[in-house]
>>> print(open('input-v1.cif').read())   # mmCIF, C-alpha atoms
data_target
loop_
_atom_site.label_atom_id
_atom_site.label_comp_id
_atom_site.auth_asym_id
_atom_site.auth_seq_id
_atom_site.Cartn_x
_atom_site.Cartn_y
_atom_site.Cartn_z
CA SER S 23 -14.29 13.27 -17.02
CA GLY S 24 -11.97 10.37 -17.73
CA VAL S 25 -14.67 7.82 -18.56
CA PHE S 26 -16.70 7.22 -21.70
CA GLN S 27 -19.31 4.88 -23.07
CA ASP S 28 -17.87 1.65 -24.43
CA GLU S 29 -19.98 0.33 -27.31
CA ARG S 30 -18.36 -3.10 -27.05
CA THR S 31 -19.50 -3.76 -23.50
CA ASP S 32 -22.33 -1.20 -23.24
CA GLY S 33 -20.61 0.16 -20.13
CA GLN S 34 -18.16 2.82 -19.05
CA VAL S 35 -14.41 2.58 -19.65
CA THR S 36 -11.51 4.86 -18.73
CA THR S 37 -10.14 7.07 -21.50
CA GLY S 38 -6.68 7.69 -20.08
CA THR S 39 -7.41 11.27 -19.03
CA PRO S 40 -7.83 12.16 -15.33
CA ILE S 41 -11.05 10.98 -13.71
CA SER S 42 -12.58 14.04 -12.08
CA MET S 43 -15.34 14.06 -9.47
CA LEU S 44 -17.04 16.99 -7.75
CA ILE S 45 -18.78 17.01 -4.36
CA GLU S 46 -20.59 20.26 -3.61
CA ASN S 47 -20.45 21.43 0.01
CA VAL S 48 -24.06 22.61 0.21
CA ASP S 49 -24.52 22.50 3.99
CA GLN S 50 -21.93 25.08 5.04
CA ARG S 51 -22.95 27.73 7.60
CA SER S 52 -20.16 30.29 8.08
CA ARG S 53 -22.06 32.07 10.85
CA ASP S 54 -21.69 29.01 13.09
CA TYR S 55 -18.01 29.86 13.51
CA GLY S 56 -18.37 33.54 14.39
CA GLU S 57 -17.61 33.03 18.07
CA ILE S 58 -14.19 31.51 17.37
CA ALA S 59 -13.07 34.15 14.88
CA THR S 60 -10.47 35.38 17.39
CA GLN S 61 -9.84 32.09 19.19
CA PHE S 62 -8.05 28.83 18.49
CA ARG S 63 -9.91 25.60 19.22
CA PRO S 64 -7.90 23.34 21.58
CA GLY S 65 -7.15 20.03 19.89
CA HIS S 66 -7.84 21.49 16.43
CA ALA S 67 -5.54 22.38 13.54
CA ASN S 68 -6.62 26.05 13.76
CA TYR S 69 -3.36 27.08 15.38
CA THR S 70 -0.93 25.01 13.33
CA TYR S 71 -2.48 26.17 10.06
CA PHE S 72 -2.09 29.78 11.24
CA ALA S 73 1.49 29.11 12.38
CA LYS S 74 2.40 27.77 8.95
CA TYR S 75 0.51 30.14 6.63
CA GLY S 76 0.11 33.27 8.78
CA ILE S 77 -3.61 33.47 8.06
CA ARG S 78 -6.63 31.27 8.73
CA ASP S 79 -10.19 31.16 7.54
CA TYR S 80 -12.22 30.62 10.71
CA ARG S 81 -15.40 29.79 8.76
CA GLY S 82 -14.97 26.07 9.20
CA GLY S 83 -12.08 23.64 9.37
CA GLY S 84 -11.05 23.80 5.72
CA ARG S 85 -8.68 20.96 4.95
CA ALA S 86 -8.84 19.97 8.63
CA SER S 87 -12.59 19.40 8.36
CA ALA S 88 -14.02 15.89 8.48
CA ARG S 89 -15.76 16.76 5.21
CA GLU S 90 -12.38 16.40 3.52
CA THR S 91 -12.71 12.63 3.87
CA ALA S 92 -15.63 12.60 1.40
CA ALA S 93 -13.13 13.02 -1.44
CA ARG S 94 -11.22 9.97 -0.22
CA VAL S 95 -14.39 7.90 -0.23
CA ALA S 96 -15.13 8.92 -3.81
CA ALA S 97 -11.58 8.19 -4.96
CA GLY S 98 -11.67 4.90 -3.07
CA ALA S 99 -14.64 3.77 -5.15
CA VAL S 100 -12.49 4.17 -8.26
CA ALA S 101 -9.49 2.48 -6.62
CA ARG S 102 -11.62 -0.58 -5.82
CA LYS S 103 -12.12 -1.14 -9.56
CA ILE S 104 -8.43 -0.74 -10.33
CA ILE S 105 -7.29 -3.40 -7.84
CA ASP S 106 -9.64 -6.02 -9.25
CA GLY S 107 -9.54 -9.25 -7.25
CA VAL S 108 -8.74 -7.52 -3.96
CA THR S 109 -11.60 -7.03 -1.50
CA VAL S 110 -11.22 -4.10 0.89
CA ARG S 111 -13.61 -3.82 3.80
CA ALA S 112 -13.69 -2.01 7.12
CA ALA S 113 -15.61 -1.94 10.38
CA VAL S 114 -15.78 0.22 13.48
CA VAL S 115 -14.40 -1.96 16.30
CA GLN S 116 -14.34 0.53 19.18
CA ILE S 117 -16.14 3.72 20.17
CA GLY S 118 -14.78 5.51 23.21
CA PRO S 119 -13.69 2.89 25.76
CA HIS S 120 -16.12 0.28 24.42
CA ALA S 121 -14.54 -2.31 22.10
CA ILE S 122 -16.35 -5.15 20.35
CA ASP S 123 -16.09 -8.78 21.45
CA ARG S 124 -13.76 -10.34 18.87
CA SER S 125 -15.40 -13.76 19.34
CA ARG S 126 -18.62 -12.30 17.88
CA PHE S 127 -16.96 -10.56 14.91
CA ASN S 128 -19.18 -10.89 11.82
CA TRP S 129 -18.48 -8.77 8.74
CA ASP S 130 -22.07 -9.18 7.49
CA GLN S 131 -23.41 -7.65 10.70
CA ARG S 132 -22.01 -4.24 9.68
CA HIS S 133 -24.90 -3.72 7.28
CA GLU S 134 -27.51 -4.34 9.99
CA ASN S 135 -26.80 -1.23 12.08
CA GLY S 136 -25.92 2.42 11.69
CA PHE S 137 -22.53 2.12 13.41
CA TRP S 138 -20.89 -0.24 10.88
CA CYS S 139 -20.41 -2.53 13.87
CA PRO S 140 -19.49 -6.22 13.29
CA ASP S 141 -20.74 -7.26 16.75
CA ALA S 142 -24.52 -7.11 17.17
CA GLU S 143 -24.42 -7.10 20.97
CA THR S 144 -22.14 -4.05 21.14
CA VAL S 145 -24.53 -1.82 19.19
CA ALA S 146 -26.69 -1.07 22.25
CA VAL S 147 -23.59 -0.26 24.30
CA TRP S 148 -22.45 2.27 21.70
CA GLU S 149 -25.91 3.80 21.47
CA GLU S 150 -25.96 4.42 25.23
CA HIS S 151 -22.40 5.79 25.23
CA LEU S 152 -23.04 8.19 22.36
CA GLU S 153 -26.30 9.43 23.83
CA LYS S 154 -24.54 10.27 27.10
CA THR S 155 -21.73 11.96 25.17
CA ARG S 156 -24.20 14.00 23.12
CA LYS S 157 -26.13 15.17 26.16
CA ALA S 158 -22.87 16.18 27.83
CA GLY S 159 -21.99 18.35 24.83
CA SER S 160 -18.81 16.37 24.31
CA SER S 161 -17.30 14.05 21.69
CA THR S 162 -15.68 10.64 21.60
CA GLY S 163 -13.02 8.75 19.66
CA ALA S 164 -13.14 5.47 17.76
CA VAL S 165 -11.08 2.71 16.17
CA VAL S 166 -11.65 1.44 12.63
CA GLU S 167 -10.34 -1.90 11.38
CA VAL S 168 -9.48 -2.42 7.71
CA GLU S 169 -8.88 -5.68 5.86
CA ALA S 170 -7.73 -6.26 2.29
CA SER S 171 -8.12 -9.88 1.18
CA GLY S 172 -6.91 -11.27 -2.11
CA VAL S 173 -3.64 -9.31 -1.95
CA PRO S 174 -1.00 -11.49 -3.65
CA ALA S 175 2.39 -12.12 -2.10
CA GLY S 176 5.06 -9.73 -3.32
CA TRP S 177 3.48 -6.27 -3.14
CA GLY S 178 5.66 -3.62 -1.53
CA ALA S 179 9.40 -3.08 -1.24
CA PRO S 180 12.15 -3.91 1.30
CA ILE S 181 13.26 -0.38 2.22
CA TYR S 182 11.64 2.48 0.31
CA GLY S 183 7.97 2.01 -0.48
CA LYS S 184 7.30 -0.58 2.22
CA LEU S 185 3.68 -1.69 1.96
CA ASP S 186 3.02 -1.27 5.69
CA ALA S 187 4.79 2.12 5.76
CA GLU S 188 2.71 3.45 2.87
CA LEU S 189 -0.48 2.00 4.35
CA ALA S 190 0.29 3.59 7.73
CA ALA S 191 1.05 6.93 6.05
CA ALA S 192 -2.23 6.82 4.13
CA LEU S 193 -4.26 6.05 7.25
CA MET S 194 -2.44 8.65 9.34
CA SER S 195 -3.19 11.26 6.68
CA ILE S 196 -6.92 10.99 7.42
CA ASN S 197 -8.07 13.87 9.58
CA ALA S 198 -8.17 13.14 13.35
CA ALA S 199 -6.13 9.91 12.97
CA LYS S 200 -3.70 9.53 15.88
CA GLY S 201 -2.54 5.93 15.74
CA VAL S 202 -2.11 3.06 13.27
CA GLU S 203 -1.20 -0.57 13.87
CA ILE S 204 -0.62 -3.37 11.37
CA GLY S 205 -1.74 -6.88 12.25
CA SER S 206 -1.52 -7.42 16.01
CA GLY S 207 0.26 -4.08 16.24
CA PHE S 208 1.04 -2.82 19.73
CA ALA S 209 -0.27 -6.04 21.30
CA SER S 210 2.58 -7.97 19.68
CA ALA S 211 5.05 -6.20 21.99
CA ALA S 212 3.74 -8.43 24.79
CA PHE S 213 3.98 -11.66 22.75
CA SER S 214 6.71 -14.22 23.03
CA GLY S 215 8.56 -15.20 19.89
CA GLU S 216 6.56 -18.41 19.75
CA GLU S 217 3.24 -16.59 20.07
CA ASN S 218 4.12 -14.01 17.44
CA ALA S 219 5.38 -16.46 14.81
CA ASP S 220 2.81 -17.03 12.05
CA GLU S 221 3.47 -20.69 11.30
CA MET S 222 3.28 -21.83 7.68
CA ARG S 223 2.05 -24.93 5.91
CA MET S 224 2.48 -25.74 2.25
CA GLY S 225 -0.70 -25.22 0.24
CA ASN S 226 -1.59 -25.81 -3.39
CA ASP S 227 -0.65 -22.23 -4.31
CA GLY S 228 2.23 -21.72 -1.89
CA PRO S 229 2.44 -21.32 1.88
CA THR S 230 -0.65 -20.76 4.00
CA PHE S 231 -0.47 -19.15 7.44
CA LEU S 232 -2.01 -20.58 10.60
CA SER S 233 -2.25 -17.08 12.11
CA ASN S 234 -1.77 -13.53 10.89
CA HIS S 235 -0.13 -11.47 13.62
CA ALA S 236 1.99 -9.83 10.91
CA GLY S 237 -1.12 -8.42 9.27
CA GLY S 238 -0.19 -9.87 5.89
CA ILE S 239 3.08 -7.93 5.63
CA LEU S 240 6.66 -8.99 6.43
CA GLY S 241 9.70 -6.85 5.68
CA GLY S 242 7.48 -4.33 3.90
CA ILE S 243 6.23 -6.96 1.42
CA SER S 244 2.85 -8.69 1.35
CA THR S 245 2.74 -12.36 2.35
CA GLY S 246 -0.47 -13.31 0.56
CA ALA S 247 -2.43 -13.37 3.82
CA PRO S 248 -5.09 -10.67 4.36
CA VAL S 249 -3.57 -7.25 4.98
CA THR S 250 -5.05 -5.91 8.22
CA ALA S 251 -4.72 -2.59 9.97
CA ARG S 252 -6.46 -0.50 12.60
CA VAL S 253 -6.58 3.27 12.88
CA ALA S 254 -7.53 5.23 15.99
CA PHE S 255 -9.32 8.56 15.73
CA LYS S 256 -9.31 11.20 18.44
CA PRO S 257 -12.55 12.87 19.62
CA THR S 258 -13.56 15.84 17.48
CA SER S 259 -12.38 19.14 18.93
CA SER S 260 -15.63 21.03 18.19
CA ILE S 261 -17.44 20.51 21.50
CA LEU S 262 -19.98 22.52 23.50
CA THR S 263 -18.00 22.44 26.74
CA PRO S 264 -15.75 25.51 27.22
CA ARG S 265 -12.03 24.77 27.11
#
>>> encode(input="input-v1.cif", output="structure tokens")
Amino acid sequence: SGVFQDERTDGQVTTGTPISMLIENVDQRSRDYGEIATQFRPGHANYTYFAKYGIRDYRGGGRASARETAARVAAGAVARKIIDGVTVRAAVVQIGPHAIDRSRFNWDQRHENGFWCPDAETVAVWEEHLEKTRKAGSSTGAVVEVEASGVPAGWGAPIYGKLDAELAAALMSINAAKGVEIGSGFASAAFSGEENADEMRMGNDGPTFLSNHAGGILGGISTGAPVTARVAFKPTSSILTPR
């Protein structure tokens, strides 16, 4: 719903009504959760959901399931079309303790491997790490980096509706997210004032920045530089090792 054939362009256009999408969960197996019907999984939202609502459906994670993110992916495909001119892309930059080499960062490389990794030489390291983790019946965490280029200066607000605050809230709302940083993030705490300052030069269309430690946002408002963020995800709590 919400889209219709446009005879003028021979394509689809929005009608003004809500755009609705449906993803059928066809791979559910309730019996897989029988053993935890009377137990809470450590590190999982099982307990907090029960504490809030007084009842829980043990046949899966419900809203705490990673499957919930599929809806965000679908909605994101629509959002990409709305913010025309802005390019949003992401890459996995760390799995477990193994981070990529930033000097080899190549966005195009993401499409050459199954890990969405921008560093070709790190792929083999991740493969070995994940194979060991799988054989141990355990799980591992990861860090995802996001960049939005083409964002004009002036998006956001000084106090309420800060661009970085809303971006951080959106990323933290993804299941298993435990940390968000904008630009250089936590690393900037170790910088000097000189190192942290993104120096400016006058360009044809306004200032250009020689660095982007601020992640494209100052005072809650976009600077015109790429908006960058990283989000850290904890290891999944559904593991084979008894806890």
>>> atom_distance(input="input-v1.cif", atom1="atom CA of Ala198 of chain S", atom2="atom CA of Ala97 of chain S")
19.3 Å
>>> closest_residue(input="input-v1.cif", among="S:Gly225, S:Gly136, S:Gly201, S:Pro180", to="Gly242 of chain S", atoms="only C-alpha atoms")
S:Pro180
>>> resolve_selection(input="input-v1.cif", expression="the PyMOL selection byres ((chain S and resi 143) around 12)", output="NGL selection string")
:S and (120-128 or 131-132 or 134-135 or 139-142 or 144-149)
>>> write_last_selection(input="input-v1.cif", atoms="C-alpha atoms", output="CSV table (one decimal), keeping the file's coordinate frame")
chain,number,residue,atom,x,y,z
S,120,HIS,CA,-16.1,0.3,24.4
S,121,ALA,CA,-14.5,-2.3,22.1
S,122,ILE,CA,-16.4,-5.2,20.4
S,123,ASP,CA,-16.1,-8.8,21.4
S,124,ARG,CA,-13.8,-10.3,18.9
S,125,SER,CA,-15.4,-13.8,19.3
S,126,ARG,CA,-18.6,-12.3,17.9
S,127,PHE,CA,-17.0,-10.6,14.9
S,128,ASN,CA,-19.2,-10.9,11.8
S,131,GLN,CA,-23.4,-7.6,10.7
S,132,ARG,CA,-22.0,-4.2,9.7
S,134,GLU,CA,-27.5,-4.3,10.0
S,135,ASN,CA,-26.8,-1.2,12.1
S,139,CYS,CA,-20.4,-2.5,13.9
S,140,PRO,CA,-19.5,-6.2,13.3
S,141,ASP,CA,-20.7,-7.3,16.8
S,142,ALA,CA,-24.5,-7.1,17.2
S,144,THR,CA,-22.1,-4.0,21.1
S,145,VAL,CA,-24.5,-1.8,19.2
S,146,ALA,CA,-26.7,-1.1,22.2
S,147,VAL,CA,-23.6,-0.3,24.3
S,148,TRP,CA,-22.4,2.3,21.7
S,149,GLU,CA,-25.9,3.8,21.5
>>> closest_residue(input="input-v1.cif", among="S:Ser259, S:Ser206, S:Thr37, S:Ser214", to="Ile239 of chain S", atoms="all atoms listed in the file")
S:Ser206
>>> atom_distance(input="input-v1.cif", atom1="atom CA of Thr250 of chain S", atom2="atom CA of Ala236 of chain S")
8.5 Å
>>> resolve_selection(input="input-v1.cif", expression="the PyMOL selection byres ((chain S and resi 114) around 6)", output="number ranges by chain")
S: 113, 115-116, 138-139, 165-166
>>> axis_aligned_box(input="input-v1.cif", around="segment 44-50 of chain S", padding_each_side="5 Å", output="JSON")
{"center_x": -20.8, "center_y": 21.0, "center_z": -1.4, "size_x": 17.5, "size_y": 18.1, "size_z": 22.8}
>>> residues_around(input="input-v1.cif", residues="segment 62-68 of chain S", least_positions_apart="5", cutoff="9 Å", atoms="only C-alpha atoms", output="list of chain:residue names")
S:Ala73, S:Arg78, S:Asp79, S:Tyr80, S:Gly83, S:Ala86, S:Ala198, S:Pro257, S:Thr258, S:Ser259, S:Ser260, S:Arg265
>>> atom_distance(input="input-v1.cif", atom1="atom CA of Glu216 of chain S", atom2="atom CA of Ala175 of chain S")
23.1 Å
>>> closest_residue(input="input-v1.cif", among="S:Phe231, S:Tyr69, S:Tyr55, S:Phe208", to="Arg252 of chain S", atoms="all atoms listed in the file")
S:Phe208
>>> residues_around(input="input-v1.cif", residues="Leu240 of chain S", least_positions_apart="2", cutoff="12 Å", atoms="only C-alpha atoms", output="PDB file with C-alpha atoms, in the coordinates of the input")
ATOM      1  CA  ALA S 175       2.390 -12.120  -2.100  1.00  0.00           C
ATOM      2  CA  GLY S 176       5.060  -9.730  -3.320  1.00  0.00           C
ATOM      3  CA  TRP S 177       3.480  -6.270  -3.140  1.00  0.00           C
ATOM      4  CA  GLY S 178       5.660  -3.620  -1.530  1.00  0.00           C
ATOM      5  CA  ALA S 179       9.400  -3.080  -1.240  1.00  0.00           C
ATOM      6  CA  PRO S 180      12.150  -3.910   1.300  1.00  0.00           C
ATOM      7  CA  ILE S 181      13.260  -0.380   2.220  1.00  0.00           C
ATOM      8  CA  LYS S 184       7.300  -0.580   2.220  1.00  0.00           C
ATOM      9  CA  LEU S 185       3.680  -1.690   1.960  1.00  0.00           C
ATOM     10  CA  ASP S 186       3.020  -1.270   5.690  1.00  0.00           C
ATOM     11  CA  ALA S 187       4.790   2.120   5.760  1.00  0.00           C
ATOM     12  CA  ILE S 204      -0.620  -3.370  11.370  1.00  0.00           C
ATOM     13  CA  GLY S 205      -1.740  -6.880  12.250  1.00  0.00           C
ATOM     14  CA  ALA S 219       5.380 -16.460  14.810  1.00  0.00           C
ATOM     15  CA  ASP S 220       2.810 -17.030  12.050  1.00  0.00           C
ATOM     16  CA  ASN S 234      -1.770 -13.530  10.890  1.00  0.00           C
ATOM     17  CA  HIS S 235      -0.130 -11.470  13.620  1.00  0.00           C
ATOM     18  CA  ALA S 236       1.990  -9.830  10.910  1.00  0.00           C
ATOM     19  CA  GLY S 237      -1.120  -8.420   9.270  1.00  0.00           C
ATOM     20  CA  GLY S 238      -0.190  -9.870   5.890  1.00  0.00           C
ATOM     21  CA  GLY S 242       7.480  -4.330   3.900  1.00  0.00           C
ATOM     22  CA  ILE S 243       6.230  -6.960   1.420  1.00  0.00           C
ATOM     23  CA  SER S 244       2.850  -8.690   1.350  1.00  0.00           C
ATOM     24  CA  THR S 245       2.740 -12.360   2.350  1.00  0.00           C
ATOM     25  CA  GLY S 246      -0.470 -13.310   0.560  1.00  0.00           C
ATOM     26  CA  ALA S 247      -2.430 -13.370   3.820  1.00  0.00           C
ATOM     27  CA  VAL S 249      -3.570  -7.250   4.980  1.00  0.00           C
TER      28      VAL S 249
END
>>> closest_residue(input="input-v1.cif", among="S:Thr91, S:Thr36, S:Ser42, S:Thr70", to="Ser23 of chain S", atoms="all atoms listed in the file")
S:Ser42
>>> residues_near_point(input="input-v1.cif", point="(-10.0, -4.2, 10.6)", cutoff="6 Å", atoms="all atoms listed in the file", output="list in words")
Ala112, Glu167, Val168, Glu169, Thr250, Ala251 and Arg252 of chain S
>>> closest_residue(input="input-v1.cif", among="S:Gly24, S:Pro119, S:Pro174, S:Gly76", to="Thr162 of chain S", atoms="all atoms listed in the file")
S:Pro119
>>> residues_near_point(input="input-v1.cif", point="(-20.5, 8.7, -16.3)", cutoff="7 Å", atoms="all atoms listed in the file", output="list in words")
Val25, Phe26 and Gln34 of chain S
>>> closest_residue(input="input-v1.cif", among="S:Asn197, S:Asn47, S:Asn226, S:Ser210", to="Ala88 of chain S", atoms="only C-alpha atoms")
S:Asn197
>>> residues_around(input="input-v1.cif", residues="segment 98-107 of chain S", least_positions_apart="2", cutoff="10 Å", atoms="only C-alpha atoms", output="ChimeraX atom specification")
/S:41,92-96,109-110,171-174
>>> resolve_selection(input="input-v1.cif", expression="the PyMOL selection byres ((chain S and resi 50) around 12)", output="list in words")
Glu46, Asn47, Val48, Asp49, Arg51, Ser52, Arg53, Asp54, Tyr55, Arg81, Gly82, Gly83, Gly84, Ser87 and Arg89 of chain S
